[in-house]
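Inspection log for the structure reproduced underneath, given as structure tokens.
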Amino acid sequence: MGLEKQGAKPSGLIGKIVGRLMNRFHTSLYVDYFKNTLPKDNSKILDIGCGGGEFLRFLYDSNESYILYGLDHSPEMIELSAKINKRAIEQNRLKLLQSSPTDISLENSYLDLVTAFETVQFWTDIEKSFLEIYRLLKAGGQFLIINRYPPEGSKWWKIAKIKNDKDYIHKLVNAGFSEISVDLEFKYGWIIVKATK
């Protein structure tokens with residue numbers, strides 16, 4: 001299985017290694033973004049493509065009032081997330097869901113924040129997934145995407161299903177989102193997109 005396929009759905013022994021590498025090397029970027037802009041108290045937060053679960057652990061440690069959900073379609077990632085978030089699960093502050101982002105078993109208008117880090121480009125149906133996220137968010141809730149933003153013509157740009165910031169905005173507007181902001185300055189080669197319901 002190629003690296004891009006392991007990124008899309010880590011599986012087997014290699015998938016477990018990929019999950020641990022993601023925990024080690026990617027989570028620091030997300031934490032750097034969040035550490036000065038943490039969600040409000042009592043927020044209900046879903047991390048889609050939660051991978052090894054390190055970002056969920058950061059949220060759990062940051063505020064004892066958060067109710068957390070992690071979603072991944074890889075059983076190996078759910079297993080790894082459960083292992084490193086054992087205490088949060090035992091305290092009923094975290095529930096892990098093995099599912100696709102097109103069909104998430106949570107009620108309408110329930111969540112305050114949905115995050116998707118390094119995962120959107122792997123989704124089989126981005127438009128349907130964005131509609132599902134819109135359904136789950138409360139009025140005023142936010143959807144935050146942090147993704148690599150490879151230069152045009154590069155190998156990863158050719159693989160990417162969303163090519164540029166205008167594509168992100170177009171797809172989010174079509175799903176019903178408003179107040180969409182794009183940040184290309186936070187870190188070179190990355191894009192941060194924030195959309196409000």
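In the structure tokens, chains take letters A, B, ... by order of appearance, with residues numbered from 1 within each chain and ligands from 1 in the order shown.
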
Quick check for you: according to DSSP on this backbone, which residues of region 39-168 of chain A are classed as helix (DSSP H, G or I)? Reply as a ChimeraX atom specification.
/A:54-62,75-84,86-90,120-122,126-136,155-159,165-168

Save the residues we just selected, N, CA and C atoms, as a compact mmCIF listing (two decimals), in the first residue's frame?
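Below you can see again_16.txt, which holds the result:
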# COMPACT_ATOMS: atom_id res chain seq x y z
N GLU A 54 -3.86 11.93 19.27
CA GLU A 54 -3.05 12.84 20.09
C GLU A 54 -3.72 14.20 20.25
N PHE A 55 -4.37 14.70 19.19
CA PHE A 55 -5.05 16.00 19.30
C PHE A 55 -6.23 15.90 20.26
N LEU A 56 -6.94 14.79 20.27
CA LEU A 56 -8.03 14.60 21.23
C LEU A 56 -7.49 14.63 22.66
N ARG A 57 -6.32 14.03 22.86
CA ARG A 57 -5.72 14.06 24.19
C ARG A 57 -5.35 15.48 24.60
N PHE A 58 -4.86 16.27 23.64
CA PHE A 58 -4.56 17.68 23.93
C PHE A 58 -5.82 18.42 24.38
N LEU A 59 -6.93 18.22 23.68
CA LEU A 59 -8.18 18.88 24.06
C LEU A 59 -8.65 18.41 25.43
N TYR A 60 -8.57 17.12 25.68
CA TYR A 60 -8.97 16.56 26.98
C TYR A 60 -8.16 17.20 28.11
N ASP A 61 -6.87 17.34 27.90
CA ASP A 61 -6.00 17.92 28.92
C ASP A 61 -6.19 19.43 29.07
N SER A 62 -6.72 20.07 28.03
CA SER A 62 -6.82 21.54 28.03
C SER A 62 -8.02 22.07 28.80
N PRO A 75 -9.90 0.96 11.59
CA PRO A 75 -9.98 0.32 12.91
C PRO A 75 -8.67 0.41 13.68
N GLU A 76 -7.54 0.41 12.96
CA GLU A 76 -6.25 0.54 13.63
C GLU A 76 -6.11 1.91 14.31
N MET A 77 -6.63 2.96 13.68
CA MET A 77 -6.54 4.29 14.28
C MET A 77 -7.50 4.43 15.46
N ILE A 78 -8.67 3.82 15.36
CA ILE A 78 -9.60 3.82 16.49
C ILE A 78 -8.96 3.11 17.68
N GLU A 79 -8.29 2.01 17.40
CA GLU A 79 -7.62 1.25 18.46
C GLU A 79 -6.50 2.07 19.11
N LEU A 80 -5.70 2.75 18.29
CA LEU A 80 -4.62 3.57 18.83
C LEU A 80 -5.16 4.76 19.61
N SER A 81 -6.19 5.41 19.08
CA SER A 81 -6.83 6.53 19.78
C SER A 81 -7.38 6.10 21.13
N ALA A 82 -8.00 4.94 21.16
CA ALA A 82 -8.57 4.42 22.41
C ALA A 82 -7.47 4.15 23.43
N LYS A 83 -6.33 3.69 22.96
CA LYS A 83 -5.23 3.35 23.86
C LYS A 83 -4.68 4.59 24.53
N ILE A 84 -4.45 5.66 23.75
CA ILE A 84 -3.83 6.83 24.36
C ILE A 84 -4.85 7.76 25.02
N LYS A 86 -7.45 6.47 26.99
CA LYS A 86 -8.20 5.55 27.85
C LYS A 86 -8.93 6.28 28.98
N ARG A 87 -8.25 7.21 29.63
CA ARG A 87 -8.86 7.91 30.76
C ARG A 87 -10.07 8.74 30.32
N ALA A 88 -9.94 9.44 29.19
CA ALA A 88 -11.05 10.27 28.69
C ALA A 88 -12.27 9.40 28.37
N ILE A 89 -12.04 8.22 27.81
CA ILE A 89 -13.15 7.31 27.49
C ILE A 89 -13.79 6.79 28.77
N GLU A 90 -12.97 6.42 29.75
CA GLU A 90 -13.50 5.92 31.02
C GLU A 90 -14.31 6.97 31.74
N VAL A 120 -9.22 15.88 4.71
CA VAL A 120 -10.28 16.22 3.73
C VAL A 120 -9.94 15.68 2.34
N GLN A 121 -8.68 15.79 1.94
CA GLN A 121 -8.31 15.38 0.58
C GLN A 121 -8.49 13.88 0.34
N PHE A 122 -8.61 13.11 1.41
CA PHE A 122 -8.78 11.66 1.26
C PHE A 122 -10.25 11.23 1.23
N ILE A 126 -16.46 14.60 -0.81
CA ILE A 126 -16.23 15.81 -0.01
C ILE A 126 -17.52 16.62 0.12
N GLU A 127 -18.27 16.77 -0.96
CA GLU A 127 -19.49 17.57 -0.92
C GLU A 127 -20.50 17.01 0.09
N LYS A 128 -20.71 15.70 0.05
CA LYS A 128 -21.65 15.07 0.98
C LYS A 128 -21.14 15.17 2.42
N SER A 129 -19.85 15.04 2.60
CA SER A 129 -19.26 15.15 3.93
C SER A 129 -19.45 16.56 4.50
N PHE A 130 -19.24 17.58 3.68
CA PHE A 130 -19.43 18.95 4.14
C PHE A 130 -20.90 19.19 4.54
N LEU A 131 -21.82 18.63 3.79
CA LEU A 131 -23.24 18.74 4.15
C LEU A 131 -23.53 18.06 5.48
N GLU A 132 -22.90 16.91 5.71
CA GLU A 132 -23.09 16.18 6.96
C GLU A 132 -22.53 16.99 8.14
N ILE A 133 -21.39 17.61 7.95
CA ILE A 133 -20.81 18.44 9.01
C ILE A 133 -21.71 19.64 9.29
N TYR A 134 -22.22 20.25 8.25
CA TYR A 134 -23.15 21.37 8.43
C TYR A 134 -24.37 20.95 9.26
N ARG A 135 -24.88 19.76 8.98
CA ARG A 135 -26.04 19.23 9.73
C ARG A 135 -25.72 19.11 11.21
N LEU A 136 -24.53 18.69 11.54
CA LEU A 136 -24.17 18.40 12.93
C LEU A 136 -23.91 19.65 13.76
N LYS A 155 3.52 16.85 -7.15
CA LYS A 155 2.90 15.52 -7.06
C LYS A 155 1.67 15.56 -6.16
N TRP A 156 1.79 16.18 -4.98
CA TRP A 156 0.67 16.20 -4.04
C TRP A 156 -0.46 17.09 -4.53
N TRP A 157 -0.13 18.15 -5.28
CA TRP A 157 -1.17 19.00 -5.86
C TRP A 157 -2.00 18.20 -6.87
N LYS A 158 -1.32 17.35 -7.64
CA LYS A 158 -2.04 16.53 -8.63
C LYS A 158 -2.98 15.53 -7.97
N ILE A 159 -2.58 15.02 -6.81
CA ILE A 159 -3.42 14.07 -6.07
C ILE A 159 -4.59 14.77 -5.38
N ASP A 165 -7.60 27.63 -2.54
CA ASP A 165 -8.49 28.23 -1.56
C ASP A 165 -9.88 28.51 -2.14
N LYS A 166 -9.95 28.86 -3.42
CA LYS A 166 -11.25 29.12 -4.04
C LYS A 166 -12.11 27.86 -4.08
N ASP A 167 -11.47 26.69 -4.30
CA ASP A 167 -12.20 25.42 -4.28
C ASP A 167 -12.78 25.14 -2.89
N TYR A 168 -11.98 25.38 -1.85
CA TYR A 168 -12.48 25.19 -0.48
C TYR A 168 -13.71 26.07 -0.25

Near-Val182 (chain A) list (12 Å; only C-alpha atoms; drop same-chain fewer than 4 positions) as a PyMOL selection string
chain A and resi 144-147+149+164-169+172+186+190-195

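Counting from CA of Gly51 (chain A), the distance to CA of Asn85 (chain A) is 12.0 Å.
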
What does the structure give for the distance between CA of Ser65 (chain A) and CA of Asn42 (chain A), in Å to one decimal?
4.8 Å

So that I can check the secondary structure, give me every residue of region 14-167 of chain A assigned strand (DSSP E or B) by backbone DSSP, as a VMD selection string.
chain A and resid 44 to 48 67 to 72 94 to 98 111 to 117 137 to 148

Residue with the minimum atom-to-atom distance to Asp183 (chain A), picked from A:His73, A:Arg148, A:Lys44, A:Lys95 with only C-alpha atoms counted, is A:Arg148
